[in-house]
$ cat start_32.txt   # compact mmCIF, C-alpha atoms and all ligand atoms
# COMPACT_ATOMS: atom_id res chain seq x y z
CA MET A 1 0.00 0.00 0.00
CA LYS A 2 1.28 3.41 -0.97
CA GLU A 3 0.60 6.65 0.93
CA TYR A 4 -2.16 8.57 -0.84
CA VAL A 5 -0.22 11.84 -0.92
CA LYS A 6 2.54 10.06 -2.85
CA MET A 7 0.15 8.71 -5.50
CA THR A 8 -0.05 10.20 -8.98
CA ALA A 9 -3.41 11.45 -10.28
CA GLY A 10 -3.66 8.27 -12.36
CA GLU A 11 -3.09 6.06 -9.36
CA LEU A 12 -5.64 8.02 -7.33
CA LYS A 13 -8.24 7.62 -10.08
CA ALA A 14 -7.63 3.88 -10.24
CA GLU A 15 -7.96 3.70 -6.45
CA LYS A 16 -11.20 5.68 -6.62
CA ASN A 17 -12.66 3.27 -9.20
CA GLU A 18 -11.75 0.28 -7.05
CA LEU A 19 -13.19 1.82 -3.86
CA SER A 20 -16.36 2.98 -5.63
CA LYS A 21 -17.00 -0.58 -6.80
CA ILE A 22 -16.82 -1.89 -3.23
CA PHE A 23 -18.96 1.06 -2.07
CA GLY A 24 -21.65 0.02 -4.57
CA GLU A 25 -21.56 -3.58 -3.33
CA TYR A 26 -22.04 -2.46 0.29
CA LYS A 27 -24.85 -0.14 -0.74
CA ASN A 28 -26.75 -3.00 -2.33
CA LYS A 29 -26.76 -4.79 1.02
CA ASN A 30 -29.12 -2.15 2.52
CA LEU A 31 -27.59 -2.42 5.99
CA LYS A 32 -28.62 -0.43 9.08
CA LEU A 33 -25.87 -0.09 11.70
CA ASP A 34 -25.62 2.43 14.55
CA MET A 35 -22.15 3.49 15.71
CA SER A 36 -23.31 6.85 16.99
CA ARG A 37 -23.83 6.83 20.75
CA GLY A 38 -21.71 5.25 23.47
CA LYS A 39 -24.32 2.85 24.73
CA PRO A 40 -23.51 -0.47 26.43
CA GLY A 41 -24.49 -3.51 24.38
CA ALA A 42 -27.41 -5.67 25.54
CA ASP A 43 -24.95 -8.36 26.68
CA GLN A 44 -23.32 -5.79 28.98
CA LEU A 45 -26.68 -4.78 30.44
CA ASP A 46 -27.43 -8.42 31.21
CA ILE A 47 -24.47 -8.79 33.58
CA SER A 48 -26.08 -6.38 36.08
CA GLU A 49 -29.34 -8.32 36.30
CA GLY A 50 -28.69 -9.10 39.98
CA ILE A 51 -29.34 -5.42 40.73
CA LEU A 52 -32.99 -5.86 39.86
CA LYS A 53 -33.37 -8.56 42.48
CA ALA A 54 -31.37 -6.86 45.24
CA VAL A 55 -34.45 -5.25 46.82
CA SER A 56 -37.63 -7.22 46.53
CA SER A 57 -39.95 -7.23 49.54
CA ASN A 58 -40.92 -4.92 52.42
CA GLY A 59 -38.38 -5.57 55.12
CA GLU A 60 -35.61 -5.71 52.56
CA ALA A 61 -36.04 -2.07 51.67
CA PHE A 62 -34.50 -0.88 54.93
CA ALA A 63 -30.97 0.50 55.00
CA GLY A 64 -30.32 0.42 58.74
CA SER A 65 -33.26 2.35 60.17
CA THR A 66 -34.00 4.13 56.86
CA ASP A 67 -36.98 2.91 54.91
CA THR A 68 -35.71 3.63 51.41
CA ARG A 69 -39.26 3.55 50.06
CA ASN A 70 -40.05 6.80 51.85
CA TYR A 71 -39.11 10.47 51.45
CA GLY A 72 -35.89 11.96 52.73
CA GLY A 73 -32.14 12.08 52.40
CA ILE A 74 -31.67 14.77 49.76
CA ASP A 75 -27.96 14.03 49.44
CA GLY A 76 -28.45 10.28 49.13
CA LEU A 77 -28.33 7.10 51.16
CA PRO A 78 -25.30 7.13 53.51
CA ASP A 79 -24.13 3.73 52.23
CA MET A 80 -24.26 4.92 48.63
CA LYS A 81 -22.32 8.06 49.57
CA LYS A 82 -19.76 5.78 51.19
CA LEU A 83 -19.49 3.66 48.03
CA PHE A 84 -18.96 6.73 45.84
CA SER A 85 -16.53 8.16 48.40
CA GLU A 86 -14.38 5.01 48.14
CA LEU A 87 -14.49 5.11 44.36
CA LEU A 88 -13.80 8.83 44.00
CA GLU A 89 -11.41 8.97 46.97
CA VAL A 90 -13.22 11.82 48.72
CA SER A 91 -15.03 11.88 52.05
CA PRO A 92 -18.79 11.12 52.25
CA ASP A 93 -19.59 14.69 53.33
CA GLU A 94 -18.06 15.87 50.05
CA ILE A 95 -20.72 14.01 48.06
CA ILE A 96 -24.30 14.41 46.91
CA VAL A 97 -25.84 11.30 45.40
CA GLY A 98 -28.60 12.15 42.97
CA GLY A 99 -30.84 10.41 40.48
CA ASN A 100 -29.73 8.30 37.55
CA SER A 101 -27.92 10.90 35.46
CA SER A 102 -24.71 12.82 36.09
CA LEU A 103 -25.45 14.94 33.02
CA ASN A 104 -28.60 16.01 34.81
CA MET A 105 -26.49 17.03 37.84
CA MET A 106 -24.15 19.00 35.58
CA PHE A 107 -27.07 20.77 33.94
CA ASP A 108 -28.57 21.55 37.37
CA THR A 109 -25.24 22.85 38.64
CA VAL A 110 -24.97 25.30 35.73
CA SER A 111 -28.64 26.11 36.16
CA ARG A 112 -28.19 26.96 39.87
CA ALA A 113 -25.23 29.18 39.00
CA MET A 114 -27.42 30.95 36.46
CA THR A 115 -30.42 31.49 38.68
CA HIS A 116 -29.01 31.65 42.24
CA GLY A 117 -25.30 32.28 41.77
CA ILE A 118 -22.47 30.27 43.35
CA MET A 119 -21.83 30.84 47.06
CA GLY A 120 -23.07 34.43 47.24
CA ASN A 121 -21.76 35.54 43.84
CA THR A 122 -23.95 37.29 41.24
CA PRO A 123 -26.18 34.84 39.34
CA TRP A 124 -24.63 34.28 35.94
CA SER A 125 -27.90 35.17 34.22
CA LYS A 126 -27.48 38.75 35.53
CA LEU A 127 -24.04 39.14 33.95
CA PRO A 128 -23.57 40.58 30.46
CA LYS A 129 -21.52 37.56 29.36
CA VAL A 130 -20.61 34.12 30.67
CA LYS A 131 -17.95 32.03 28.96
CA PHE A 132 -16.88 28.38 29.31
CA LEU A 133 -13.68 26.83 28.06
CA CYS A 134 -14.25 23.68 26.04
CA PRO A 135 -11.34 21.31 25.44
CA VAL A 136 -11.75 20.01 21.89
CA PRO A 137 -12.61 17.53 20.63
CA GLY A 138 -15.02 17.01 23.53
CA TYR A 139 -18.42 15.75 24.64
CA ASP A 140 -21.29 17.20 22.62
CA ARG A 141 -23.74 17.19 25.52
CA HIS A 142 -21.49 19.44 27.62
CA PHE A 143 -21.56 21.91 24.76
CA GLY A 144 -25.34 21.46 24.53
CA ILE A 145 -25.72 22.58 28.16
CA CYS A 146 -23.77 25.79 27.45
CA GLN A 147 -25.69 26.43 24.28
CA SER A 148 -29.03 26.01 26.05
CA PHE A 149 -28.07 28.72 28.58
CA GLY A 150 -26.51 31.07 26.03
CA ILE A 151 -23.02 30.57 27.51
CA GLU A 152 -20.27 31.48 25.03
CA MET A 153 -17.89 28.59 24.36
CA ILE A 154 -14.17 28.93 23.67
CA ASN A 155 -12.26 26.04 22.08
CA VAL A 156 -9.12 24.87 23.90
CA PRO A 157 -7.07 22.29 21.99
CA MET A 158 -6.43 18.93 23.65
CA LYS A 159 -2.84 17.72 23.86
CA ASN A 160 -1.86 14.14 24.66
CA ASP A 161 -1.87 14.81 28.44
CA GLY A 162 -4.98 17.01 28.61
CA PRO A 163 -6.04 20.49 27.56
CA ASP A 164 -3.50 23.14 26.52
CA MET A 165 -2.84 24.45 30.04
CA ASP A 166 -0.96 27.57 28.94
CA MET A 167 -4.12 28.66 27.17
CA VAL A 168 -6.37 27.60 30.07
CA GLU A 169 -4.28 29.53 32.62
CA LYS A 170 -4.20 32.65 30.47
CA LEU A 171 -7.94 32.69 29.80
CA VAL A 172 -9.01 31.76 33.34
CA SER A 173 -6.75 34.30 35.04
CA GLY A 174 -7.31 37.06 32.52
CA ASP A 175 -11.07 37.17 31.99
CA GLU A 176 -13.68 37.42 34.73
CA ALA A 177 -16.39 36.30 32.30
CA VAL A 178 -14.76 32.85 32.10
CA LYS A 179 -16.77 30.90 34.66
CA GLY A 180 -16.12 27.28 33.83
CA ILE A 181 -14.30 24.59 31.92
CA TRP A 182 -15.56 21.17 30.91
CA CYS A 183 -13.12 18.33 31.58
CA VAL A 184 -13.41 14.57 31.04
CA PRO A 185 -10.13 13.82 32.80
CA LYS A 186 -9.96 10.04 32.47
CA TYR A 187 -10.39 8.30 29.13
CA SER A 188 -11.77 11.55 27.70
CA ASN A 189 -14.74 11.55 25.39
CA PRO A 190 -13.89 11.14 22.55
CA GLN A 191 -10.08 10.73 22.54
CA GLY A 192 -9.60 8.35 25.48
CA ILE A 193 -6.88 10.61 26.91
CA THR A 194 -6.15 10.69 30.66
CA TYR A 195 -4.86 13.97 32.07
CA GLY A 196 -1.25 13.83 33.24
CA ASP A 197 -0.25 14.62 36.84
CA GLU A 198 1.15 18.03 35.95
CA THR A 199 -2.05 18.93 34.08
CA VAL A 200 -4.14 18.02 37.13
CA ARG A 201 -1.84 20.04 39.40
CA ARG A 202 -2.01 23.05 37.08
CA PHE A 203 -5.81 22.81 37.20
CA ALA A 204 -5.67 22.68 41.01
CA ARG A 205 -3.40 25.75 41.13
CA LEU A 206 -5.48 27.88 38.73
CA LYS A 207 -5.76 31.50 39.83
CA ALA A 208 -9.11 32.47 38.41
CA ALA A 209 -10.12 36.07 37.77
CA ALA A 210 -13.69 35.09 38.69
CA ARG A 211 -14.31 33.96 42.29
CA ASP A 212 -17.12 31.76 41.00
CA PHE A 213 -15.04 30.05 38.31
CA ARG A 214 -15.44 26.27 38.55
CA ILE A 215 -13.81 23.26 36.90
CA PHE A 216 -16.53 20.82 35.79
CA TRP A 217 -14.55 17.59 36.27
CA ASP A 218 -16.77 15.01 34.58
CA ASN A 219 -15.12 11.79 35.68
CA ALA A 220 -17.59 9.68 33.68
CA TYR A 221 -15.02 6.95 32.94
CA PHE A 222 -13.37 6.77 36.37
CA VAL A 223 -13.48 2.95 36.65
CA HIS A 224 -13.90 2.10 32.99
CA ASP A 225 -10.53 0.46 32.37
CA LEU A 226 -10.01 -1.94 29.48
CA THR A 227 -6.55 -3.27 30.28
CA ASP A 228 -4.57 -4.62 33.23
CA THR A 229 -2.39 -1.53 33.08
CA PRO A 230 -5.02 1.19 33.45
CA ASP A 231 -4.35 4.91 33.35
CA ARG A 232 -4.06 6.61 36.75
CA LEU A 233 -5.61 10.01 37.39
CA LEU A 234 -4.59 12.22 40.28
CA ASN A 235 -7.27 13.13 42.80
CA ILE A 236 -8.26 16.67 41.81
CA LEU A 237 -9.98 17.49 45.10
CA SER A 238 -6.90 16.64 47.21
CA GLU A 239 -4.69 18.58 44.80
CA CYS A 240 -7.03 21.59 45.02
CA ARG A 241 -6.98 21.38 48.82
CA ALA A 242 -3.18 21.18 48.83
CA ALA A 243 -3.08 24.27 46.58
CA GLY A 244 -5.42 26.19 48.93
CA ASN A 245 -8.05 26.14 46.17
CA SER A 246 -10.58 23.60 47.51
CA ASP A 247 -13.69 25.28 46.13
CA ILE A 248 -12.60 25.47 42.51
CA CYS A 249 -13.90 22.11 41.28
CA TYR A 250 -17.05 20.05 40.97
CA ILE A 251 -16.61 16.35 40.23
CA PHE A 252 -19.31 14.27 38.54
CA ALA A 253 -19.66 10.53 38.03
CA SER A 254 -22.33 7.87 37.66
CA THR A 255 -22.94 4.16 37.39
CA SER A 256 -24.64 4.59 33.99
CA LYS A 257 -21.98 2.49 32.28
CA ILE A 258 -21.39 0.31 35.30
CA THR A 259 -24.97 -0.93 35.72
CA TYR A 260 -27.70 0.72 33.62
CA PRO A 261 -27.68 4.04 31.73
CA GLY A 262 -31.43 4.09 32.30
CA GLY A 263 -31.31 3.04 35.94
CA GLY A 264 -27.96 3.89 37.45
CA VAL A 265 -26.96 6.28 40.23
CA ALA A 266 -25.17 9.61 39.76
CA ALA A 267 -23.06 11.64 42.16
CA MET A 268 -21.44 15.01 42.50
CA ALA A 269 -18.40 15.59 44.72
CA ALA A 270 -16.85 18.88 45.81
CA SER A 271 -15.60 20.75 48.87
CA VAL A 272 -17.98 20.70 51.85
CA ALA A 273 -18.64 24.41 51.26
CA ASN A 274 -19.68 23.75 47.65
CA ILE A 275 -21.78 20.72 48.66
CA ASN A 276 -23.58 22.66 51.38
CA ALA A 277 -24.24 25.57 49.02
CA ALA A 278 -25.71 23.19 46.45
CA LYS A 279 -27.86 21.43 49.06
CA GLU A 280 -29.28 24.79 50.19
CA ILE A 281 -30.93 25.03 46.76
CA ILE A 282 -31.53 21.35 46.03
CA LYS A 283 -33.68 21.13 49.18
CA TYR A 284 -36.32 23.20 47.38
CA GLN A 285 -36.07 20.99 44.33
CA THR A 286 -36.63 17.53 45.80
CA ILE A 287 -37.56 15.74 49.02
CA GLY A 288 -35.08 13.04 48.15
CA PRO A 289 -33.71 10.90 45.32
CA ASP A 290 -34.55 7.29 44.45
CA LYS A 291 -33.04 5.60 47.49
CA ILE A 292 -34.39 2.18 46.55
CA ASN A 293 -32.14 2.17 43.51
CA GLN A 294 -29.23 3.36 45.63
CA LEU A 295 -29.86 0.52 48.07
CA ARG A 296 -29.91 -1.97 45.19
CA HIS A 297 -26.53 -0.72 44.06
CA VAL A 298 -25.04 -0.86 47.56
CA ARG A 299 -26.32 -4.39 48.14
CA TYR A 300 -25.16 -5.61 44.79
CA PHE A 301 -21.64 -4.17 44.88
CA LYS A 302 -20.98 -4.05 48.65
CA ASN A 303 -17.85 -1.92 48.16
CA ALA A 304 -15.48 -0.34 45.65
CA GLU A 305 -13.80 -3.70 45.06
CA GLY A 306 -17.18 -5.11 43.99
CA VAL A 307 -17.48 -2.33 41.40
CA ARG A 308 -13.96 -2.91 40.12
CA ALA A 309 -14.59 -6.66 39.72
CA HIS A 310 -17.78 -5.86 37.81
CA MET A 311 -15.89 -3.50 35.49
CA LYS A 312 -13.55 -6.35 34.57
CA LYS A 313 -16.59 -8.22 33.25
CA HIS A 314 -17.53 -5.21 31.11
CA ALA A 315 -13.98 -5.01 29.79
CA ARG A 316 -14.29 -8.61 28.55
CA PHE A 317 -17.13 -7.48 26.26
CA ILE A 318 -15.70 -4.13 25.27
CA LYS A 319 -11.98 -4.78 24.73
CA PRO A 320 -12.44 -7.12 21.74
CA LYS A 321 -14.69 -4.51 20.13
CA PHE A 322 -12.07 -1.80 20.56
CA ASP A 323 -9.51 -4.21 19.11
CA THR A 324 -11.72 -4.91 16.10
CA ILE A 325 -11.84 -1.20 15.30
CA LEU A 326 -8.16 -0.58 16.00
CA ASN A 327 -7.00 -3.60 13.96
CA ALA A 328 -9.09 -2.54 10.98
CA LEU A 329 -7.73 1.01 11.13
CA GLU A 330 -4.20 -0.29 11.54
CA THR A 331 -4.35 -2.57 8.50
CA GLN A 332 -6.71 -0.72 6.15
CA VAL A 333 -5.98 2.95 6.84
CA LYS A 334 -2.66 3.49 8.60
CA PRO A 335 -0.34 2.64 5.67
CA LEU A 336 -2.16 5.24 3.54
CA GLY A 337 -1.20 8.13 5.84
CA ILE A 338 -4.69 9.64 5.80
CA ALA A 339 -5.86 9.46 9.44
CA GLN A 340 -4.70 9.42 13.07
CA TRP A 341 -6.06 7.98 16.30
CA VAL A 342 -4.86 6.78 19.69
CA ALA A 343 -5.59 3.38 21.22
CA PRO A 344 -7.17 4.20 24.60
CA ASN A 345 -6.76 2.15 27.77
CA GLY A 346 -10.41 2.59 28.67
CA GLY A 347 -13.57 4.59 28.22
CA TYR A 348 -16.13 4.27 25.47
CA PHE A 349 -14.75 5.92 22.35
CA ILE A 350 -12.09 6.06 19.70
CA SER A 351 -11.49 9.46 18.15
CA LEU A 352 -10.56 9.44 14.50
CA GLU A 353 -8.80 12.39 12.85
CA VAL A 354 -9.34 12.01 9.12
CA MET A 355 -7.75 14.17 6.44
CA PRO A 356 -8.74 17.84 7.05
CA GLY A 357 -11.91 18.73 5.18
CA CYS A 358 -13.06 15.10 4.97
CA ALA A 359 -15.03 14.30 8.17
CA SER A 360 -18.43 15.49 6.83
CA ALA A 361 -17.81 13.62 3.60
CA VAL A 362 -16.99 10.39 5.49
CA HIS A 363 -20.14 10.85 7.56
CA ALA A 364 -22.28 11.40 4.46
CA LEU A 365 -20.80 8.39 2.64
CA LEU A 366 -21.42 6.17 5.66
CA SER A 367 -25.02 7.41 5.91
CA GLU A 368 -25.50 6.35 2.29
CA LEU A 369 -24.38 2.87 3.32
CA GLY A 370 -26.76 2.79 6.30
CA VAL A 371 -24.13 3.36 9.02
CA THR A 372 -24.98 6.03 11.59
CA MET A 373 -22.08 7.88 13.21
CA THR A 374 -22.25 10.91 15.50
CA ASN A 375 -22.44 13.94 13.21
CA ALA A 376 -19.15 15.34 11.99
CA GLY A 377 -18.58 18.49 14.03
CA ALA A 378 -20.48 17.20 17.09
CA THR A 379 -17.27 16.98 19.11
CA TYR A 380 -16.85 20.77 18.83
CA PRO A 381 -18.91 23.63 20.33
CA TYR A 382 -21.76 24.77 18.08
CA GLY A 383 -21.19 21.60 15.99
CA LYS A 384 -18.38 23.37 14.13
CA ASP A 385 -15.13 21.48 13.70
CA PRO A 386 -12.82 24.13 12.19
CA PHE A 387 -10.79 21.43 10.45
CA ASP A 388 -13.73 19.17 9.52
CA SER A 389 -11.54 16.25 10.53
CA ASN A 390 -12.84 14.65 13.75
CA LEU A 391 -15.15 11.64 13.94
CA ARG A 392 -16.15 9.78 17.09
CA ILE A 393 -16.39 6.00 16.95
CA ALA A 394 -18.53 4.25 19.56
CA PRO A 395 -17.68 0.54 19.45
CA THR A 396 -19.86 -0.89 22.25
CA TYR A 397 -23.43 -1.04 20.99
CA LEU A 398 -23.09 -3.22 17.91
CA SER A 399 -22.47 -6.97 18.00
CA GLU A 400 -18.96 -8.15 17.06
CA ASP A 401 -20.12 -9.21 13.59
CA GLU A 402 -21.96 -5.97 12.93
CA LEU A 403 -18.99 -4.01 14.16
CA LYS A 404 -16.62 -5.82 11.77
CA THR A 405 -18.82 -4.87 8.83
CA ALA A 406 -19.32 -1.30 10.10
CA VAL A 407 -15.61 -0.66 10.57
CA ASP A 408 -14.77 -2.07 7.14
CA MET A 409 -17.28 0.38 5.70
CA LEU A 410 -15.80 3.18 7.81
CA CYS A 411 -12.30 2.45 6.51
CA LEU A 412 -13.64 2.37 2.95
CA CYS A 413 -15.36 5.75 3.38
CA VAL A 414 -12.28 7.32 5.02
CA ARG A 415 -10.27 6.19 1.98
CA LEU A 416 -12.86 7.29 -0.57
CA ALA A 417 -13.24 10.74 1.01
CA ALA A 418 -9.44 11.19 1.07
CA VAL A 419 -9.08 10.14 -2.57
CA ASN A 420 -11.87 12.54 -3.58
CA LYS A 421 -10.20 15.35 -1.64
CA LEU A 422 -6.82 14.74 -3.23
CA LEU A 423 -8.35 14.54 -6.71
CA GLU A 424 -10.08 17.91 -6.13
CA GLY A 425 -6.64 19.50 -6.22
CA GLU A 426 -5.83 17.90 -9.58
C1 LIG B 1 -18.23 12.34 29.32
C2 LIG B 1 -19.62 11.91 29.64
N1 LIG B 1 -20.27 12.47 30.66
C3 LIG B 1 -21.53 12.12 30.98
C4 LIG B 1 -22.20 11.18 30.24
C5 LIG B 1 -23.60 10.84 30.62
O1 LIG B 1 -23.63 10.44 31.95
P1 LIG B 1 -24.94 10.04 32.71
O2 LIG B 1 -25.48 8.83 32.07
O3 LIG B 1 -24.51 9.83 34.11
O4 LIG B 1 -25.90 11.22 32.60
C6 LIG B 1 -21.58 10.56 29.16
C7 LIG B 1 -22.28 9.58 28.33
O5 LIG B 1 -21.87 9.20 27.29
C8 LIG B 1 -20.26 10.95 28.85
O6 LIG B 1 -19.59 10.41 27.83
$ encode --input "start_32.txt" --output "structure tokens"
Amino acid sequence: MKEYVKMTAGELKAEKNELSKIFGEYKNKNLKLDMSRGKPGADQLDISEGILKAVSSNGEAFAGSTDTRNYGGIDGLPDMKKLFSELLEVSPDEIIVGGNSSLNMMFDTVSRAMTHGIMGNTPWSKLPKVKFLCPVPGYDRHFGICQSFGIEMINVPMKNDGPDMDMVEKLVSGDEAVKGIWCVPKYSNPQGITYGDETVRRFARLKAAARDFRIFWDNAYFVHDLTDTPDRLLNILSECRAAGNSDICYIFASTSKITYPGGGVAAMAASVANINAAKEIIKYQTIGPDKINQLRHVRYFKNAEGVRAHMKKHARFIKPKFDTILNALETQVKPLGIAQWVAPNGGYFISLEVMPGCASAVHALLSELGVTMTNAGATYPYGKDPFDSNLRIAPTYLSEDELKTAVDMLCLCVRLAAVNKLLEGE
């Protein structure tokens, strides 16, 4: 295989003819495959079935003296707080356990800042401008939250050990309108990058111009390792405390991809001052979360070790799927010099950088073949990838066989789009 940029126009045309023939054959198959969202496969959901049986009859719904069927406990069942505190390495009084969705807790946290302000500061909705830094490529739903509140988003490029910290420090210290930054610090969505120790420490030491600036540390993939040599992430809250900056971060996590995305448990962790400030408002919002589901989770897992053992079972389903994608890219695309990616040690995604100006074309070609991918551009604020080069691959939801077909089609479309691009210049 020869690199595409080294091919003559004649060679590119011959390649295009060959690829178009295969494209036509796939098209005739009328397939429908969804590689868009990072959802666990049905086989993964089945391994948590024991959860559904963990609380069944009256007397079993008690957690100590608490009847979980009743109202109360706005910050969650003490045993569930303890479980999250072991997993996140913070103390139970630094945690609020919520409903099933951490995204919901993130939205509510921004919403409270908008309407009530953070710890006595002016509500963001009363300010002329609020800005968030958005490491890119990133998680589309974070950007969606900002967009829904009219918060201006500023792209910050990701490096291989986290966001460009020179840029973060400059913007955070120099502009009072910068109130937040979205971070997925372990196995980031979509690149699978884990922030390095120095990056975490620089976050902890940030000197923000705004007193109500907060790091939104979305640790969605905190236990989602795929290998026996997992990435290690420093504890941001301890680092912030050590830097005399304890109030600067909110941490979020959930069991969505541990048990059920539709029936998991979410948590938020932060300094006691931040937690108390949040509870002061949450108490008007709810008389308590779903403690029965929390009790189920506590009974099923028992402790952090139980969760880690469970995650090994998930890895047995997910790892081969990641390998299928990576092997196909390695053999079908790499020698052509038209795309880049990293092989992550965990998380739910592989981020593919195709030739600049080609991501939308790859997406459109795949749609023609019946393969759904997250829209090109979705990994950037406002859906605008300035290079039109990033695509997010979600390997988990399809069966192994479907995935093999889907990734072959992906490789084909990456090649076809690159050939078309190069021929444009001829
Ligand atoms: C980075 C990140 N945060 C949050 C979520 C959603 O979390 P939850 O199900 O707890 O709302 C996802 C889901 O894909 C995600 O990738």
$ residues_near_point --input "start_32.txt" --point "(-20.8, 20.2, 27.2)" --cutoff "10 Å" --atoms "only C-alpha atoms" --output "count of residues only"
26
$ residues_near_ligand --input "start_32.txt" --ligand "ligand LIG 1 (chain B)" --cutoff "6 Å" --atoms "all atoms listed in the file" --output "count of residues only"
14
$ residues_around --input "start_32.txt" --residues "range 2-15 of chain A" --least-positions-apart "3" --cutoff "8 Å" --atoms "all atoms listed in the file" --output "PyMOL selection string"
chain A and resi 18-19+335-338+418-419+422-423+426
$ closest_residue --input "start_32.txt" --among "A:Asn30, A:Ser246, A:Asn293, A:Ser85" --to "Ser367 in chain A" --atoms "all atoms listed in the file"
A:Asn30
$ residues_near_point --input "start_32.txt" --point "(-5.2, 32.6, 39.7)" --cutoff "8 Å" --atoms "all atoms listed in the file" --output "JSON list (two decimals) with C-alpha atoms, in the coordinates of the input"
[["chain", "number", "residue", "atom", "x", "y", "z"],
["A", 169, "GLU", "CA", -4.28, 29.53, 32.62],
["A", 172, "VAL", "CA", -9.01, 31.76, 33.34],
["A", 173, "SER", "CA", -6.75, 34.30, 35.04],
["A", 205, "ARG", "CA", -3.40, 25.75, 41.13],
["A", 206, "LEU", "CA", -5.48, 27.88, 38.73],
["A", 207, "LYS", "CA", -5.76, 31.50, 39.83],
["A", 208, "ALA", "CA", -9.11, 32.47, 38.41],
["A", 209, "ALA", "CA", -10.12, 36.07, 37.77]]
$ closest_residue --input "start_32.txt" --among "A:Gly196, A:Gly180, A:Gly306, A:Gly263" --to "Tyr250 in chain A" --atoms "all atoms listed in the file"
A:Gly180
$ residues_around --input "start_32.txt" --residues "Gln285 in chain A" --least-positions-apart "3" --cutoff "12 Å" --atoms "all atoms listed in the file" --output "mmCIF file with C-alpha atoms, in the coordinates of the input"
data_model
loop_
_atom_site.group_PDB
_atom_site.id
_atom_site.type_symbol
_atom_site.label_atom_id
_atom_site.label_comp_id
_atom_site.auth_asym_id
_atom_site.auth_seq_id
_atom_site.Cartn_x
_atom_site.Cartn_y
_atom_site.Cartn_z
ATOM 1 C CA ILE A 74 -31.670 14.770 49.760
ATOM 2 C CA ASP A 75 -27.960 14.030 49.440
ATOM 3 C CA GLY A 98 -28.600 12.150 42.970
ATOM 4 C CA ASP A 108 -28.570 21.550 37.370
ATOM 5 C CA ARG A 112 -28.190 26.960 39.870
ATOM 6 C CA ALA A 278 -25.710 23.190 46.450
ATOM 7 C CA LYS A 279 -27.860 21.430 49.060
ATOM 8 C CA GLU A 280 -29.280 24.790 50.190
ATOM 9 C CA ILE A 281 -30.930 25.030 46.760
ATOM 10 C CA ILE A 282 -31.530 21.350 46.030
ATOM 11 C CA GLY A 288 -35.080 13.040 48.150
ATOM 12 C CA PRO A 289 -33.710 10.900 45.320
#
$ closest_residue --input "start_32.txt" --among "A:Gly117, A:Gly99, A:Gly73, A:Gly41" --to "Arg214 in chain A" --atoms "only C-alpha atoms"
A:Gly117
$ residues_around --input "start_32.txt" --residues "Leu369 in chain A" --least-positions-apart "3" --cutoff "8 Å" --atoms "all atoms listed in the file" --output "PyMOL selection string"
chain A and resi 23+26-27+30-32+365-366+409
$ decode --input "start_32.txt" --residues "range 86-106 of chain A" --atoms "C-alpha atoms" --output "PDB file, in the first residue's frame"
ATOM      1  CA  GLU A  86     -14.377   5.006  48.144  1.00  0.00           C
ATOM      2  CA  LEU A  87     -14.487   5.110  44.355  1.00  0.00           C
ATOM      3  CA  LEU A  88     -13.804   8.828  44.004  1.00  0.00           C
ATOM      4  CA  GLU A  89     -11.414   8.966  46.970  1.00  0.00           C
ATOM      5  CA  VAL A  90     -13.221  11.822  48.718  1.00  0.00           C
ATOM      6  CA  SER A  91     -15.034  11.883  52.046  1.00  0.00           C
ATOM      7  CA  PRO A  92     -18.785  11.117  52.250  1.00  0.00           C
ATOM      8  CA  ASP A  93     -19.589  14.691  53.332  1.00  0.00           C
ATOM      9  CA  GLU A  94     -18.056  15.875  50.050  1.00  0.00           C
ATOM     10  CA  ILE A  95     -20.725  14.009  48.058  1.00  0.00           C
ATOM     11  CA  ILE A  96     -24.302  14.415  46.911  1.00  0.00           C
ATOM     12  CA  VAL A  97     -25.839  11.304  45.395  1.00  0.00           C
ATOM     13  CA  GLY A  98     -28.597  12.152  42.968  1.00  0.00           C
ATOM     14  CA  GLY A  99     -30.837  10.411  40.481  1.00  0.00           C
ATOM     15  CA  ASN A 100     -29.730   8.300  37.552  1.00  0.00           C
ATOM     16  CA  SER A 101     -27.919  10.895  35.459  1.00  0.00           C
ATOM     17  CA  SER A 102     -24.711  12.820  36.092  1.00  0.00           C
ATOM     18  CA  LEU A 103     -25.449  14.938  33.015  1.00  0.00           C
ATOM     19  CA  ASN A 104     -28.600  16.006  34.814  1.00  0.00           C
ATOM     20  CA  MET A 105     -26.492  17.025  37.842  1.00  0.00           C
ATOM     21  CA  MET A 106     -24.152  19.003  35.583  1.00  0.00           C
TER      22      MET A 106
END
